[in-house]
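Undergrad: My structure is in input-v4.cif, and what it holds is mmCIF, C-alpha atoms and all ligand atoms:
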```cif
data_target
loop_
_atom_site.label_atom_id
_atom_site.label_comp_id
_atom_site.auth_asym_id
_atom_site.auth_seq_id
_atom_site.Cartn_x
_atom_site.Cartn_y
_atom_site.Cartn_z
CA MET H 1 -13.55 6.43 8.45
CA ASN H 2 -13.79 3.92 5.64
CA SER H 3 -10.25 2.56 5.77
CA SER H 4 -10.44 1.09 2.28
CA CYS H 5 -11.04 4.53 0.82
CA LEU H 6 -8.30 6.51 -0.95
CA GLN H 7 -10.44 9.66 -0.75
CA ASN H 8 -9.25 10.04 2.86
CA GLY H 9 -5.92 11.13 1.41
CA TYR H 10 -7.20 14.29 -0.29
CA ASP H 11 -9.04 17.29 1.09
CA ASP H 12 -9.67 20.85 -0.04
CA GLY H 13 -7.33 20.74 -3.00
CA ARG H 14 -4.37 19.15 -1.19
CA TYR H 15 -3.13 15.69 -0.35
CA VAL H 16 -3.49 15.02 3.37
CA LEU H 17 -2.21 12.36 5.75
CA PRO H 18 -5.19 10.18 6.68
CA PRO H 19 -5.32 9.18 10.37
CA LEU H 20 -4.50 5.57 11.22
CA PRO H 21 -7.64 3.44 11.65
CA TYR H 22 -6.18 1.96 14.90
CA GLY H 23 -3.89 2.85 17.80
CA ASP H 24 -0.05 2.88 17.67
CA SER H 25 0.30 -0.50 19.41
CA ALA H 26 -2.61 -2.24 17.63
CA LEU H 27 -0.38 -4.09 15.16
CA GLU H 28 2.09 -5.54 17.67
CA PRO H 29 3.87 -7.88 17.30
CA LEU H 30 3.85 -7.34 13.51
CA ILE H 31 4.83 -3.70 13.87
CA CYS H 32 6.03 -2.13 17.10
CA ALA H 33 4.48 1.18 18.18
CA GLU H 34 7.68 3.12 17.42
CA THR H 35 7.78 1.79 13.86
CA LEU H 36 4.09 2.55 13.34
CA TYR H 37 4.57 6.12 14.58
CA LEU H 38 7.68 6.78 12.48
CA HIS H 39 6.26 5.06 9.40
CA HIS H 40 2.95 6.94 9.46
CA ASP H 41 3.79 10.30 11.05
CA LYS H 42 7.23 10.77 9.45
CA HIS H 43 7.65 8.63 6.31
CA HIS H 44 4.08 8.73 4.98
CA ALA H 45 3.77 12.40 5.98
CA ALA H 46 6.92 13.18 3.98
CA TYR H 47 5.43 11.57 0.86
CA VAL H 48 2.28 13.67 1.31
CA ALA H 49 4.40 16.83 1.60
CA GLY H 50 6.49 15.79 -1.41
CA ALA H 51 3.40 15.15 -3.55
CA ASN H 52 1.98 18.57 -2.65
CA ALA H 53 5.33 20.25 -3.39
CA ALA H 54 5.53 18.55 -6.79
CA LEU H 55 1.98 19.62 -7.61
CA GLU H 56 2.79 23.22 -6.61
CA THR H 57 5.84 23.19 -8.88
CA LEU H 58 3.73 21.93 -11.78
CA GLN H 59 1.16 24.65 -11.02
CA LEU H 60 3.88 27.36 -11.12
CA ILE H 61 5.00 25.99 -14.50
CA CYS H 62 1.39 26.12 -15.75
CA GLU H 63 1.07 29.73 -14.54
CA GLY H 64 4.26 30.68 -16.39
CA SER H 65 6.19 31.72 -13.27
CA LEU H 66 8.59 28.77 -13.48
CA SER H 67 10.45 27.46 -16.51
CA SER H 68 9.06 24.37 -18.20
CA SER H 69 12.52 22.86 -17.77
CA HIS H 70 11.44 22.00 -14.20
CA ALA H 71 8.61 19.78 -15.47
CA VAL H 72 10.69 16.61 -15.83
CA ALA H 73 11.96 16.66 -12.24
CA ALA H 74 8.53 17.66 -10.90
CA GLY H 75 6.91 14.78 -12.74
CA ARG H 76 9.41 12.31 -11.29
CA ASN H 77 8.93 13.72 -7.79
CA LEU H 78 5.17 13.48 -8.17
CA ALA H 79 5.35 9.83 -9.29
CA PHE H 80 7.57 8.85 -6.34
CA ASN H 81 5.74 10.81 -3.63
CA LEU H 82 2.16 10.37 -4.83
CA GLY H 83 2.91 6.68 -5.40
CA GLY H 84 4.07 6.55 -1.78
CA HIS H 85 0.98 8.37 -0.54
CA ILE H 86 -1.38 6.01 -2.40
CA LEU H 87 0.41 2.81 -1.39
CA HIS H 88 0.72 3.78 2.28
CA THR H 89 -2.94 4.80 2.47
CA LEU H 90 -3.88 1.38 1.08
CA TYR H 91 -1.36 -0.35 3.40
CA TRP H 92 -2.80 1.10 6.64
CA GLY H 93 -6.27 0.16 5.43
CA ASN H 94 -5.42 -3.44 4.59
CA LEU H 95 -3.90 -4.19 8.01
CA ALA H 96 -5.86 -5.23 11.10
CA PRO H 97 -5.02 -6.32 14.64
CA LYS H 98 -4.10 -10.02 14.64
CA HIS H 99 -6.78 -11.04 17.16
CA LEU H 100 -9.47 -10.21 14.59
CA ASN H 101 -8.18 -13.26 12.69
CA PHE H 102 -9.72 -12.42 9.33
CA SER H 103 -9.57 -14.75 6.33
CA PRO H 104 -10.50 -14.17 2.68
CA GLU H 105 -14.24 -14.23 2.06
CA GLY H 106 -16.84 -13.64 -0.61
CA VAL H 107 -15.99 -13.14 -4.27
CA LEU H 108 -12.34 -12.51 -3.42
CA ALA H 109 -11.97 -15.89 -1.70
CA GLU H 110 -13.46 -17.55 -4.78
CA ALA H 111 -11.14 -15.62 -7.09
CA ILE H 112 -8.06 -16.48 -5.00
CA ASP H 113 -8.94 -20.19 -5.15
CA ALA H 114 -9.66 -20.01 -8.89
CA THR H 115 -6.47 -18.08 -9.67
CA PHE H 116 -3.89 -19.50 -7.28
CA GLY H 117 -5.37 -22.93 -6.51
CA SER H 118 -5.92 -22.30 -2.81
CA TYR H 119 -5.42 -19.67 -0.12
CA ALA H 120 -2.33 -21.55 1.10
CA SER H 121 -0.86 -21.46 -2.40
CA PHE H 122 -1.61 -17.73 -2.66
CA VAL H 123 0.17 -17.05 0.66
CA GLU H 124 3.21 -19.04 -0.47
CA ILE H 125 3.51 -17.19 -3.79
CA PHE H 126 2.78 -13.72 -2.38
CA SER H 127 5.30 -14.26 0.42
CA ALA H 128 7.98 -15.40 -2.03
CA LEU H 129 7.32 -12.36 -4.21
CA ALA H 130 7.54 -10.00 -1.20
CA LEU H 131 10.74 -11.63 -0.02
CA GLY H 132 12.26 -11.31 -3.49
CA VAL H 133 11.62 -7.61 -4.08
CA GLN H 134 15.08 -6.17 -4.58
CA GLY H 135 15.87 -3.25 -2.29
CA ASN H 136 12.99 -0.93 -1.43
CA GLY H 137 9.56 -1.75 -2.77
CA TRP H 138 6.18 -3.40 -2.40
CA ALA H 139 4.44 -6.70 -3.06
CA VAL H 140 0.99 -6.11 -4.49
CA LEU H 141 -2.06 -8.24 -5.24
CA GLY H 142 -4.32 -6.49 -7.71
CA THR H 143 -5.99 -6.50 -11.06
CA ASP H 144 -5.10 -5.05 -14.43
CA PRO H 145 -7.56 -2.66 -16.08
CA ILE H 146 -8.12 -4.90 -19.11
CA SER H 147 -8.82 -8.38 -17.78
CA HIS H 148 -9.63 -7.60 -14.10
CA ARG H 149 -7.91 -10.90 -13.30
CA LEU H 150 -6.16 -11.23 -9.94
CA MET H 151 -2.40 -11.03 -10.30
CA MET H 152 0.65 -10.13 -8.26
CA THR H 153 3.50 -7.80 -8.97
CA GLY H 154 6.47 -6.32 -7.19
CA ILE H 155 6.86 -2.54 -7.26
CA SER H 156 10.29 -0.92 -6.91
CA ASN H 157 10.32 2.18 -4.71
CA HIS H 158 6.73 3.46 -5.01
CA HIS H 159 6.37 3.81 -8.74
CA GLU H 160 8.73 1.66 -10.78
CA VAL H 161 8.19 -1.71 -12.49
CA LEU H 162 4.51 -0.82 -12.51
CA VAL H 163 1.75 -1.99 -14.85
CA PRO H 164 -0.11 1.12 -16.10
CA GLY H 165 -3.60 1.20 -14.61
CA PHE H 166 -2.84 -1.67 -12.22
CA CYS H 167 -5.37 -1.56 -9.39
CA PRO H 168 -3.86 -2.62 -6.04
CA LEU H 169 -6.04 -4.58 -3.60
CA LEU H 170 -3.53 -5.80 -1.04
CA VAL H 171 -0.19 -4.07 -0.59
CA CYS H 172 2.78 -5.11 1.57
CA ASP H 173 5.50 -2.54 2.22
CA VAL H 174 8.90 -4.25 2.21
CA TRP H 175 11.00 -1.09 2.57
CA GLU H 176 13.33 -1.64 5.54
CA HIS H 177 11.65 1.26 7.39
CA ALA H 178 8.48 -0.89 7.51
CA TYR H 179 10.01 -3.62 9.64
CA TYR H 180 13.64 -3.05 10.64
CA LEU H 181 13.04 -1.73 14.18
CA THR H 182 10.78 -4.71 14.89
CA TRP H 183 12.32 -7.50 12.83
CA SER H 184 15.88 -6.36 12.14
CA ASN H 185 16.96 -8.01 8.86
CA ASP H 186 14.30 -10.78 9.11
CA ARG H 187 12.08 -9.70 6.21
CA LYS H 188 10.64 -13.23 6.02
CA GLY H 189 9.44 -13.04 9.64
CA TYR H 190 7.78 -9.68 8.93
CA ILE H 191 6.04 -11.06 5.83
CA ASN H 192 4.78 -14.13 7.73
CA ALA H 193 3.36 -11.84 10.42
CA PHE H 194 1.90 -9.48 7.78
CA MET H 195 -0.14 -12.35 6.32
CA GLN H 196 -1.74 -12.86 9.75
CA HIS H 197 -2.67 -9.18 10.00
CA VAL H 198 -4.45 -8.74 6.66
CA ASN H 199 -7.83 -7.03 6.89
CA TRP H 200 -9.49 -9.35 4.37
CA PRO H 201 -12.95 -7.71 4.60
CA VAL H 202 -11.33 -4.45 3.41
CA VAL H 203 -9.49 -6.24 0.59
CA ASN H 204 -12.70 -8.01 -0.40
CA GLU H 205 -14.54 -4.66 -0.43
CA ARG H 206 -11.87 -3.21 -2.76
CA TYR H 207 -12.25 -6.21 -5.08
CA GLU H 208 -16.05 -5.89 -5.14
CA LYS H 209 -15.64 -2.20 -6.05
CA ILE H 210 -13.34 -3.15 -8.93
CA LEU H 211 -15.91 -5.61 -10.21
CA ARG H 212 -18.49 -2.79 -10.05
CA HIS H 213 -15.94 -0.42 -11.69
CA GLU H 214 -16.04 1.85 -8.62
CA PHE H 215 -12.42 1.57 -7.40
MN MN3 P 1 6.80 2.71 3.80
#
```
Since I need it in another form, could you write the structure as structure tokens?
TA:
Amino acid sequence: MNSSCLQNGYDDGRYVLPPLPYGDSALEPLICAETLYLHHDKHHAAYVAGANAALETLQLICEGSLSSSHAVAAGRNLAFNLGGHILHTLYWGNLAPKHLNFSPEGVLAEAIDATFGSYASFVEIFSALALGVQGNGWAVLGTDPISHRLMMTGISNHHEVLVPGFCPLLVCDVWEHAYYLTWSNDRKGYINAFMQHVNWPVVNERYEKILRHEF
């Protein structure tokens, strides 16, 4: 499986839960096996089910068997659940076991240096952003669809405070369900560990696809 590929989340007309690209204990000590199981098999699976349910509701409205008054709620449910499905699919793909010890490479490494000054400076800013996301949300490194410049943003829930067309390259889930069983209330400890588990070759591949307008 190409773990950088969102297409793994859709099959035969429905959203599907892509399998993890590693075993349940592969991300310890960043994420304990119980957290990985619950996060993937329960939380992510629920977003997949919610996205399919919202799509089915919209389809019933289109077929005329459900009032159009349901469209507003269905649209909101789709944004929340499909946003969750997309972000979690990217999240599993941009994590790797710590012993692989990846670092940024290629065009992405050059862009990080050019944009943030250095890799160390990038880590400091990204970590501060992730720590500062209020409540449930995500820290995201990505590009906007106009300039294709690297930039960071914090997303609330899965779909709010979002730049339209923003293309995420590296995503860090800072919902409490992502770390609480392993790190308790120490979000900073989780973020520090996350930075040591980034699958930079996957993130670099995503960036190269953006530059080729394929992602
Ligand atoms: Mn999550």
Undergrad: Step by step: start from the point (2.9, 12.0, -1.3) in the file's coordinates, keep every protein, DNA or RNA residue that has an atom no farther than 7 Å from it, count only C-alpha atoms, and write the set as a PyMOL selection string.
TA: chain H and resi 46-52+81-85
Undergrad: Counting all atoms listed in the file, which of H:Met151, H:Gly142, H:Asp41, H:Ser103 gets nearest to ligand MN3 1 (chain P)?
TA: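 Closest candidate: H:Asp41.
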Undergrad: Using all atoms listed in the file, which residues of the polymer chains come no farther than 8 Å from ligand MN3 1 (chain P)? I'd like the answer as JSON, numbers by chain.
TA: {"H": [39, 43, 44, 84, 88, 173, 174, 175, 177, 178]}
Undergrad: Pull C-alpha atoms from the residues just selected and write them as a PDB file, keeping the file's coordinate frame.
TA:
```pdb
ATOM      1  CA  HIS H  39       6.260   5.060   9.400  1.00  0.00           C
ATOM      2  CA  HIS H  43       7.650   8.630   6.310  1.00  0.00           C
ATOM      3  CA  HIS H  44       4.080   8.730   4.980  1.00  0.00           C
ATOM      4  CA  GLY H  84       4.070   6.550  -1.780  1.00  0.00           C
ATOM      5  CA  HIS H  88       0.720   3.780   2.280  1.00  0.00           C
ATOM      6  CA  ASP H 173       5.500  -2.540   2.220  1.00  0.00           C
ATOM      7  CA  VAL H 174       8.900  -4.250   2.210  1.00  0.00           C
ATOM      8  CA  TRP H 175      11.000  -1.090   2.570  1.00  0.00           C
ATOM      9  CA  HIS H 177      11.650   1.260   7.390  1.00  0.00           C
ATOM     10  CA  ALA H 178       8.480  -0.890   7.510  1.00  0.00           C
TER      11      ALA H 178
END
```
Undergrad: In Å to one decimal, how far is atom CA of Ile191 of chain H from atom CA of Leu30 of chain H?
TA: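 Atom CA of Ile191 of chain H lies 8.8 Å from atom CA of Leu30 of chain H.
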Undergrad: When you count all atoms listed in the file, which of these residues is closest to Asp24 of chain H: H:Leu55, H:Ala96, H:Ala193, H:Met152?
TA: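 So, comparing all the options, the nearest one is H:Ala96.
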Undergrad: Considering all atoms listed in the file, state which residue in the set H:Asn77, H:Ser65, H:Thr153, H:Thr89 is at the smallest distance from Leu20 of chain H.
TA: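 Distance minimum relative to Leu20 of chain H lands on H:Thr89.
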Undergrad: Contacts of segment 156-162 of chain H at 7 Å or less, counting only C-alpha atoms, minus same-chain residues fewer than 3 places along, as a compact mmCIF listing (two decimals) with C-alpha atoms, keeping the file's coordinate frame?
TA:
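Generated file (out_15.txt):
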```
# COMPACT_ATOMS: atom_id res chain seq x y z
CA ALA H 79 5.35 9.83 -9.29
CA PHE H 80 7.57 8.85 -6.34
CA GLY H 83 2.91 6.68 -5.40
CA GLY H 84 4.07 6.55 -1.78
CA ASN H 136 12.99 -0.93 -1.43
CA GLY H 137 9.56 -1.75 -2.77
CA TRP H 138 6.18 -3.40 -2.40
```
Undergrad: Take atom CA of Pro21 of chain H and atom CA of Leu90 of chain H and report the distance between them in Å, one decimal.
TA: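 Atom CA of Leu90 of chain H lies at a distance of 11.4 Å from atom CA of Pro21 of chain H.
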Undergrad: Calculated over only C-alpha atoms, which of the candidates H:Trp92, H:Pro164, H:Ile86, H:Leu38 has the smallest distance to Pro19 of chain H?
TA: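 Nearest to Pro19 of chain H: H:Trp92.
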Undergrad: Rounded to one decimal, what separation in Å do you get between atom CA of Asp113 of chain H and atom CA of Glu208 of chain H?
TA: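 So the answer is 16.0 Å.
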Undergrad: Please produce, as CSV, a per-residue contact table for segment 125-158 of chain H versus segment 209-213 of chain H (criterion: any atom at most 12 Å away, all atoms listed in the file considered), showing the nearest atom pair and its distance in Å to one decimal, sorted by chain then residue number.
TA:
```
residue,atom,partner,partner_atom,distance
H:Gly142,CA,H:Ile210,CA,9.7
H:Thr143,CA,H:Ile210,CA,8.4
H:Asp144,CA,H:Ile210,CA,10.1
H:Pro145,CA,H:Ile210,CA,9.2
H:Ile146,CA,H:Ile210,CA,11.6
H:Ser147,CA,H:Leu211,CA,10.7
H:His148,CA,H:Leu211,CA,7.7
H:Arg149,CA,H:Leu211,CA,10.1
H:Leu150,CA,H:Ile210,CA,10.9
```
Undergrad: I'd like the box whose edges run along x, y and z of the file and which contains every listed atom of segment 52-67 of chain H, padded by 8 Å per side; could you state its centre and edge lengths in Å, one decimal, as JSON?
TA:
```
{"center_x": 5.8, "center_y": 25.1, "center_z": -9.6, "size_x": 25.4, "size_y": 29.2, "size_z": 29.9}
```
Undergrad: Residues within 10 Å of Tyr180 of chain H, please, as a list in words. Count all atoms listed in the file; anything in the same chain fewer than 6 positions from it doesn't count.
TA: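 Surrounding residues, per the criterion: Ile31, Thr35, Val174, Asp186, Arg187 and Tyr190 of chain H.
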Undergrad: Need the neighbours of (-12.4, -13.9, 2.3): which residues are at most 10 Å away, counting only C-alpha atoms, as a VMD selection string?
TA: chain H and resid 102 to 112 119 199 to 205
Undergrad: Nearest to Leu78 of chain H among H:Val123, H:Ala54, H:Ala26, H:Leu181, with distances taken over only C-alpha atoms: which residue is it?
TA: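 Using only C-alpha atoms, Leu78 of chain H sits closest to H:Ala54.
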Undergrad: Check the smallest atom-to-atom distance from each of H:Pro97, H:Leu170, H:Phe215, H:Gly135 to Pro29 of chain H using only C-alpha atoms, then report the winner.
TA: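 That would be H:Pro97, the residue with the smallest distance to Pro29 of chain H.
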Undergrad: With N, CA and C atoms retained, output segment 56-81 of chain H as a tab-separated table (two decimals), in the first residue's frame.
TA:
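That gives us decode.tsv:
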```
chain	number	residue	atom	x	y	z
H	56	GLU	N	-25.16	9.30	1.98
H	56	GLU	CA	-26.43	8.61	1.71
H	56	GLU	C	-27.61	9.55	1.92
H	57	THR	N	-27.53	10.38	2.95
H	57	THR	CA	-28.60	11.36	3.19
H	57	THR	C	-28.70	12.33	2.01
H	58	LEU	N	-27.55	12.82	1.56
H	58	LEU	CA	-27.55	13.74	0.42
H	58	LEU	C	-28.10	13.06	-0.83
H	59	GLN	N	-27.79	11.76	-1.00
H	59	GLN	CA	-28.30	11.02	-2.14
H	59	GLN	C	-29.83	10.90	-2.07
H	60	LEU	N	-30.38	10.63	-0.88
H	60	LEU	CA	-31.83	10.53	-0.70
H	60	LEU	C	-32.50	11.87	-1.03
H	61	ILE	N	-31.83	12.97	-0.65
H	61	ILE	CA	-32.37	14.30	-0.98
H	61	ILE	C	-32.38	14.48	-2.49
H	62	CYS	N	-31.29	14.07	-3.15
H	62	CYS	CA	-31.20	14.20	-4.61
H	62	CYS	C	-32.27	13.37	-5.31
H	63	GLU	N	-32.59	12.20	-4.73
H	63	GLU	CA	-33.59	11.32	-5.34
H	63	GLU	C	-35.02	11.76	-5.03
H	64	GLY	N	-35.16	12.76	-4.14
H	64	GLY	CA	-36.49	13.27	-3.82
H	64	GLY	C	-37.20	12.51	-2.72
H	65	SER	N	-36.54	11.54	-2.08
H	65	SER	CA	-37.21	10.77	-1.03
H	65	SER	C	-36.96	11.34	0.36
H	66	LEU	N	-36.21	12.42	0.43
H	66	LEU	CA	-35.99	13.11	1.71
H	66	LEU	C	-36.03	14.61	1.44
H	67	SER	N	-36.65	15.34	2.37
H	67	SER	CA	-36.81	16.78	2.20
H	67	SER	C	-35.46	17.49	2.10
H	68	SER	N	-35.42	18.52	1.28
H	68	SER	CA	-34.20	19.31	1.13
H	68	SER	C	-33.82	20.02	2.42
H	69	SER	N	-34.76	20.06	3.37
H	69	SER	CA	-34.45	20.71	4.65
H	69	SER	C	-33.35	19.96	5.42
H	70	HIS	N	-33.09	18.71	5.03
H	70	HIS	CA	-32.04	17.92	5.68
H	70	HIS	C	-30.64	18.24	5.12
H	71	ALA	N	-30.60	19.05	4.05
H	71	ALA	CA	-29.32	19.25	3.36
H	71	ALA	C	-28.30	20.00	4.22
H	72	VAL	N	-28.77	20.94	5.02
H	72	VAL	CA	-27.83	21.73	5.82
H	72	VAL	C	-27.11	20.84	6.83
H	73	ALA	N	-27.88	20.03	7.56
H	73	ALA	CA	-27.26	19.15	8.57
H	73	ALA	C	-26.38	18.11	7.89
H	74	ALA	N	-26.82	17.58	6.76
H	74	ALA	CA	-26.02	16.56	6.06
H	74	ALA	C	-24.70	17.15	5.59
H	75	GLY	N	-24.74	18.38	5.11
H	75	GLY	CA	-23.52	19.04	4.66
H	75	GLY	C	-22.54	19.25	5.80
H	76	ARG	N	-23.07	19.63	6.96
H	76	ARG	CA	-22.19	19.82	8.13
H	76	ARG	C	-21.61	18.48	8.57
H	77	ASN	N	-22.44	17.45	8.59
H	77	ASN	CA	-21.95	16.12	8.99
H	77	ASN	C	-20.89	15.61	8.02
H	78	LEU	N	-21.10	15.89	6.73
H	78	LEU	CA	-20.12	15.46	5.74
H	78	LEU	C	-18.78	16.17	5.96
H	79	ALA	N	-18.84	17.48	6.21
H	79	ALA	CA	-17.60	18.25	6.40
H	79	ALA	C	-16.82	17.72	7.61
H	80	PHE	N	-17.52	17.46	8.71
H	80	PHE	CA	-16.85	16.98	9.92
H	80	PHE	C	-16.28	15.58	9.71
H	81	ASN	N	-17.10	14.67	9.21
H	81	ASN	CA	-16.68	13.26	9.12
H	81	ASN	C	-15.72	13.00	7.96
```
